[in-house]
Amino acid sequence: MDQQMRDHASAPSSTQAAMPPSVATGGPWTIETLARNGEVLQRQRVNTLPIRMGRAYDNDFIVDDDYAAPHHALVDAGPDGKLLLRDLGTRNGIVHNKRRVKELAMGGDTVVRMGHTTLRIRPASHPVPPELRDRTMHGWEGVVPGLAGILLTALCALLAAWLTDRNNLELQRYVQWPAAAIGVGLVWSGLWSFGNRLFGRRARLGRHYFIFGCGLATLLCVRLLATVVAYAWSLEWITGYASHAAVVTLAGMIYFHLATVTPQLRRRLRIVCAVLAVIVSILVLAGNQQQHGLMADELYMPVLLPPELRASPDAPVAEYINQVGAMKKEIDAERGGQ
Amino acid sequence: MKRAVIALLLSCFAAAAAPQANAPAASARSAQGGNTSPNPARPAVSPPPQMPAETPPAATPNSPIPGEVETQDALPQPSSAAQDLYESARGDLLQIRMLLKNGRTQSTVGSGFLVGTSNLALTNYHVVSQMALDPDVYTAEYIDTDGNTGPVELMAVDVLHDLAVVRVNRNGSGFFKVPEQAVKLRQGQPLYSLGNPLDLGFAISEGAYNGVLTRSFYDRLIFGGPINSGMSGGPSVTASGTVAGINVARRRDGESVSFLVPVAYAQELLRKVASQPAPPEDFNPLIGQQLLAHQSGMVDKLLEEPLTLKGMGPYLVPVRESGQVRCWGRSSVKRGAAFNTDAMSCVMQSAVFVSDSQQTGNVAMTHQYIRSGSMEPLRFAALASDLFKVENLGTGDARLTKPFCTERFVHTRTLPLRAVTCVRAYRNFEGLYNFTLLTASTDASQASLQSRLDVSGVSYENGLRVTRAFLGAFGRAGRR
């Protein structure tokens, strides 16, 4: 991940190979201090060589670091025209590739550390990659998707509240359920936008809420659809393994959240979420096996729907009894097995 | 600064040490309590098997906890006849204790008595069940009224009538006579019940014979006198010392309503002991055979005539009404409720005690008729689905295999149903299974008939027989 971020912050590695060796005549130069993940913390342009670096105020580039010497290093053009970084006899020195150096030829991607400060120097001619294609729907940001997400969430909560209502439709329930769901959605999408603000530049709360609303609606629809299909065509296994559809939906939801935070890593995120979904599904299967000795979520399908939703014919009792009788072999095998 | 840190550290140590200093004293106290006297609140013998079945499942019996209230009337004042009887009987009276082989601590206690002048003693199966099922873990010893102890050897068991014969290393004085012919008793005739109630000491209690209990699957004598746990296995005798029955159970919700095993079954078991050359090594297969015999009789009795059909709303539901099967009804019809429920449950009083935690050989059926006038079909469907979800199919019981279920949409002559059968096999007893059938009607969008049939401890064929008879009987009156 760290490496990936670094690549992203600097130029992609493919462009580096084609790059000509940087030359001292390529001024003005830009000194960039870097964070650990490769992101640029601070940039300063310097027009002339040599460049004096250190903590003292008479330097061209002031290194704001207690571990750097007042006069730490000097950058000048080397005999071959390349930039040359020289240690001015300091205690902590200059570190490149985890090794301390006295003198170092600086390319555009040469990263050195002096004290606790990591930096690189790039000439004006340093090539940058072309701009990324902008796939972001800028119109679908902020209030509009946020409201759409809230609406979806509220509708799902209303439907669930109505389906599980055992009384005579009391108003309180139909206020409480959507309110609770919207609150949960706010916490969930709030956490994601916090991450987004941390790793991207904006919070994108509306986007994250929309993803939450869509995820919730998908969960509910998949569940209802599975129930109806299983009941209509006597496909009992569908409800038995319905939890895996929920796992896939959740993984998809998390993928969209992550892709909103860092859109550049889509392919990698897809793989991560798929692996996550597979692991959780396996855990569900193993948990079921341990709990009631069966891979499925339930011993039988408890679904009962209105008779209009039945499509398959029913079996006669005698056929069912034969089916129960056929189970004996399996049970005796299980009994003998232990 | 340093001083403050040291003071802080010292106070922390002091706080940590204080509870530790208390802990050993507390554990010493509890250990002592455990050694000197057995916990008086625990029943000496696990509750006898037939009692819970006597009470309707809908109502919770409001019984006092044994040992709390009943210790007061455990030792009633004996009459002079009882005094004389006890004097002559005490030599042949035994307390039988189940002991853990490791540590020889007692796990359950019951009573027994020496038969005639032999070295055989009669007791209840449920007194010695642990030794019969787990001879590697449990052993037994007897204590007589003089405090002498000795080993106990299990000779034969009759699980169905709850009887066992054991052999001890001393002979009886001949006081307890187990007659060859059945004893003729008249209602109201005084009987004296002997034993060691609640491990408090040997006791005699007086009561009256009150006829034969026909509601139970196997005959029981009703004894109008107190029998407390711990007296199980003791004799109930007439004034002349003839054994009329063996103490077995008591109604927890009743007052001095107790039950005896008729002595005729004890005679049978004693004859069997006389004919067998040596006691069986392992009682488990024997118990399995007895349970198989029980279930076959039980299912034959259950299905000897076609099941009765009763109306619940538009539906016809199968029930069985006979001396052994009792049904109770319950209704939750409320004005203004979104839905109403009528329920009916029937239980066959045929449970057989196998061990403290296992009873088997019973039949239970429940019907639930749910309907609503105001709920929309989808909302009602969600309600019906929720009610059809049965969680307690007994997973996690190590004595049974995991449940195997078969589900299907079936159609009886007049009613479409959703049927689920779950079967579990007994690991200890070959050929015995627990069957559970769940059904739900699928013909209406605002009414649902949901039923459950539990048949435990039956052969696979009989399980299928009951399932077929029960499932096939469902119907719908009127239209269609």
# chains A, B, ... in the order shown; residues from 1 in each chain; ligands from 1

call {"tool": "interface_residues", "arguments": {"of": "chain B", "to": "chain A", "cutoff": "8 Å", "atoms": "only C-alpha atoms", "output": "PDB file with C-alpha atoms, in the first residue's frame"}}
result
ATOM      1  CA  ALA B 337     -55.957  -7.146  18.099  1.00  0.00           C
ATOM      2  CA  ALA B 338     -54.455  -7.381  14.624  1.00  0.00           C
ATOM      3  CA  PHE B 339     -54.539 -11.166  14.721  1.00  0.00           C
ATOM      4  CA  SER B 374     -57.110  -6.543   9.235  1.00  0.00           C
ATOM      5  CA  MET B 375     -53.581  -7.514   8.250  1.00  0.00           C
ATOM      6  CA  PRO B 377     -51.572 -10.574   3.005  1.00  0.00           C
ATOM      7  CA  LEU B 378     -47.865  -9.727   2.890  1.00  0.00           C
ATOM      8  CA  ARG B 379     -47.796  -8.504   6.458  1.00  0.00           C
ATOM      9  CA  ALA B 381     -47.212 -13.729   5.614  1.00  0.00           C
ATOM     10  CA  ALA B 382     -44.339 -12.173   7.545  1.00  0.00           C
ATOM     11  CA  LEU B 383     -46.130 -12.951  10.814  1.00  0.00           C
ATOM     12  CA  ALA B 384     -46.906 -16.540   9.805  1.00  0.00           C
ATOM     13  CA  SER B 385     -43.298 -17.091   8.653  1.00  0.00           C
ATOM     14  CA  ASP B 386     -42.045 -15.808  11.974  1.00  0.00           C
ATOM     15  CA  PHE B 388     -43.319 -21.113  11.686  1.00  0.00           C
ATOM     16  CA  LYS B 389     -39.679 -20.613  12.606  1.00  0.00           C
ATOM     17  CA  THR B 395     -29.586 -29.056  18.452  1.00  0.00           C
ATOM     18  CA  GLY B 396     -26.557 -29.342  20.660  1.00  0.00           C
ATOM     19  CA  THR B 401     -27.229 -36.966  16.240  1.00  0.00           C
ATOM     20  CA  LYS B 402     -27.699 -33.620  14.552  1.00  0.00           C
ATOM     21  CA  PRO B 403     -31.159 -33.132  13.073  1.00  0.00           C
ATOM     22  CA  PHE B 404     -31.787 -34.192   9.481  1.00  0.00           C
ATOM     23  CA  CYS B 405     -34.685 -32.375   7.901  1.00  0.00           C
ATOM     24  CA  THR B 406     -36.832 -32.929   4.837  1.00  0.00           C
ATOM     25  CA  GLU B 407     -39.187 -30.246   3.628  1.00  0.00           C
ATOM     26  CA  ARG B 408     -41.836 -30.250   0.946  1.00  0.00           C
ATOM     27  CA  PHE B 409     -44.990 -28.573  -0.193  1.00  0.00           C
ATOM     28  CA  VAL B 410     -47.544 -31.376   0.093  1.00  0.00           C
ATOM     29  CA  HIS B 411     -51.223 -31.735  -0.606  1.00  0.00           C
ATOM     30  CA  THR B 412     -53.585 -33.823   1.481  1.00  0.00           C
ATOM     31  CA  PRO B 416     -52.205 -27.851   0.736  1.00  0.00           C
ATOM     32  CA  VAL B 420     -41.021 -30.287   7.500  1.00  0.00           C
ATOM     33  CA  THR B 421     -39.806 -33.460   9.175  1.00  0.00           C
ATOM     34  CA  VAL B 423     -35.274 -36.684  12.615  1.00  0.00           C
ATOM     35  CA  ARG B 424     -32.536 -37.295  15.138  1.00  0.00           C
ATOM     36  CA  ALA B 425     -31.088 -40.674  16.094  1.00  0.00           C
ATOM     37  CA  TYR B 426     -30.131 -41.777  19.616  1.00  0.00           C
ATOM     38  CA  ARG B 427     -26.427 -42.445  19.807  1.00  0.00           C
ATOM     39  CA  ALA B 440     -48.302 -25.020   8.019  1.00  0.00           C
ATOM     40  CA  THR B 442     -50.671 -22.721   2.513  1.00  0.00           C
ATOM     41  CA  ASP B 443     -54.227 -22.221   1.284  1.00  0.00           C
ATOM     42  CA  ALA B 444     -55.139 -18.820   2.690  1.00  0.00           C
ATOM     43  CA  SER B 445     -53.542 -15.419   2.814  1.00  0.00           C
ATOM     44  CA  GLN B 446     -55.032 -14.282   6.113  1.00  0.00           C
ATOM     45  CA  TYR B 460     -37.944 -45.302  12.110  1.00  0.00           C
ATOM     46  CA  LEU B 464     -43.013 -42.738   9.616  1.00  0.00           C
ATOM     47  CA  THR B 467     -46.056 -38.915  10.592  1.00  0.00           C
ATOM     48  CA  ARG B 468     -48.133 -40.363   7.759  1.00  0.00           C
ATOM     49  CA  LEU B 471     -50.069 -35.499   8.087  1.00  0.00           C
ATOM     50  CA  GLY B 472     -52.647 -37.303   6.004  1.00  0.00           C
TER      51      GLY B 472
END

call {"tool": "select_by_dssp", "arguments": {"residues": "region 55-254 of chain A", "states": "strand (DSSP E)", "output": "ChimeraX atom specification"}}
result
/A:61-62,73-77,83-87,94-96,99-101,103-106,112-114,117-123

call {"tool": "residues_around", "arguments": {"residues": "Gly188 (chain B)", "least_positions_apart": "6", "cutoff": "9 Å", "atoms": "only C-alpha atoms", "output": "PDB file with N, CA and C atoms, in the first residue's frame"}}
result
ATOM      1  N   GLY B 207     -50.402 -43.800  54.715  1.00  0.00           N
ATOM      2  CA  GLY B 207     -51.334 -43.247  53.752  1.00  0.00           C
ATOM      3  C   GLY B 207     -52.340 -44.306  53.362  1.00  0.00           C
ATOM      4  N   ALA B 208     -53.117 -44.002  52.349  1.00  0.00           N
ATOM      5  CA  ALA B 208     -54.159 -44.954  51.963  1.00  0.00           C
ATOM      6  C   ALA B 208     -54.031 -45.300  50.493  1.00  0.00           C
ATOM      7  N   TYR B 209     -54.406 -46.532  50.178  1.00  0.00           N
ATOM      8  CA  TYR B 209     -54.447 -46.970  48.788  1.00  0.00           C
ATOM      9  C   TYR B 209     -55.648 -46.336  48.114  1.00  0.00           C
ATOM     10  N   ASN B 210     -55.450 -45.805  46.914  1.00  0.00           N
ATOM     11  CA  ASN B 210     -56.534 -45.051  46.268  1.00  0.00           C
ATOM     12  C   ASN B 210     -56.816 -45.473  44.838  1.00  0.00           C
ATOM     13  N   GLY B 211     -56.555 -46.727  44.539  1.00  0.00           N
ATOM     14  CA  GLY B 211     -56.914 -47.213  43.216  1.00  0.00           C
ATOM     15  C   GLY B 211     -55.754 -47.180  42.243  1.00  0.00           C
ATOM     16  N   GLY B 224     -52.327 -42.293  48.774  1.00  0.00           N
ATOM     17  CA  GLY B 224     -52.665 -41.013  49.390  1.00  0.00           C
ATOM     18  C   GLY B 224     -51.802 -40.730  50.597  1.00  0.00           C
TER      19      GLY B 224
END

call {"tool": "residues_around", "arguments": {"residues": "region 189-203 of chain B", "least_positions_apart": "6", "cutoff": "6 Å", "atoms": "only C-alpha atoms", "output": "PyMOL selection string"}}
result
chain B and resi 44+111+209+228-231+234-238

call {"tool": "atom_distance", "arguments": {"atom1": "CA of Arg330 (chain B)", "atom2": "CA of Ile222 (chain B)"}}
result
29.4 Å

call {"tool": "residues_around", "arguments": {"residues": "Ser322 (chain B)", "least_positions_apart": "6", "cutoff": "10 Å", "atoms": "only C-alpha atoms", "output": "list in words"}}
result
Arg215, Lys301, Leu302 and Met348 of chain B

call {"tool": "residues_around", "arguments": {"residues": "Met155 (chain B)", "least_positions_apart": "5", "cutoff": "7 Å", "atoms": "only C-alpha atoms", "output": "list in words"}}
result
Val165, Val166, Arg167, Val273 and Pro279 of chain B

call {"tool": "write_last_selection", "arguments": {"atoms": "N, CA and C atoms", "output": "compact mmCIF listing (two decimals), in the first residue's frame"}}
result
# COMPACT_ATOMS: atom_id res chain seq x y z
N VAL B 165 -33.33 -54.44 40.14
CA VAL B 165 -32.96 -55.41 41.19
C VAL B 165 -31.46 -55.32 41.37
N VAL B 166 -31.04 -55.18 42.62
CA VAL B 166 -29.61 -55.15 42.90
C VAL B 166 -29.27 -56.25 43.91
N ARG B 167 -27.99 -56.63 43.92
CA ARG B 167 -27.55 -57.67 44.87
C ARG B 167 -26.61 -57.02 45.88
N VAL B 273 -34.47 -62.33 37.06
CA VAL B 273 -33.16 -62.41 37.71
C VAL B 273 -32.86 -63.85 38.08
N PRO B 279 -25.56 -61.30 35.66
CA PRO B 279 -26.07 -59.99 35.22
C PRO B 279 -25.37 -59.54 33.93

call {"tool": "residues_around", "arguments": {"residues": "Tyr67 (chain A)", "least_positions_apart": "3", "cutoff": "8 Å", "atoms": "only C-alpha atoms", "output": "number ranges by chain"}}
result
A: 92, 114-116

call {"tool": "closest_residue", "arguments": {"among": "A:Leu205, A:Leu276, A:Val101, A:Ala73", "to": "Thr260 (chain A)", "atoms": "only C-alpha atoms"}}
result
A:Leu205

call {"tool": "select_by_dssp", "arguments": {"residues": "region 187-390 of chain B", "states": "alpha helix (DSSP H)", "output": "ChimeraX atom specification"}}
result
/B:263-275,284-302,377-388

call {"tool": "closest_residue", "arguments": {"among": "A:His208, A:Arg133, A:Lys82, A:Arg223", "to": "Ala259 (chain A)", "atoms": "only C-alpha atoms"}}
result
A:His208

call {"tool": "atom_distance", "arguments": {"atom1": "CA of Leu250 (chain A)", "atom2": "CA of Leu132 (chain A)"}}
result
28.8 Å

call {"tool": "closest_atom_pairs", "arguments": {"of": "region 117-236 of chain A", "to": "region 49-54 of chain A", "cutoff": "12 Å", "atoms": "only C-alpha atoms", "output": "CSV"}}
result
residue,atom,partner,partner_atom,distance
A:Thr117,CA,A:Gly54,CA,10.8
A:Leu119,CA,A:Met53,CA,11.3
A:Ile121,CA,A:Ile51,CA,10.6
A:Pro123,CA,A:Leu49,CA,11.6
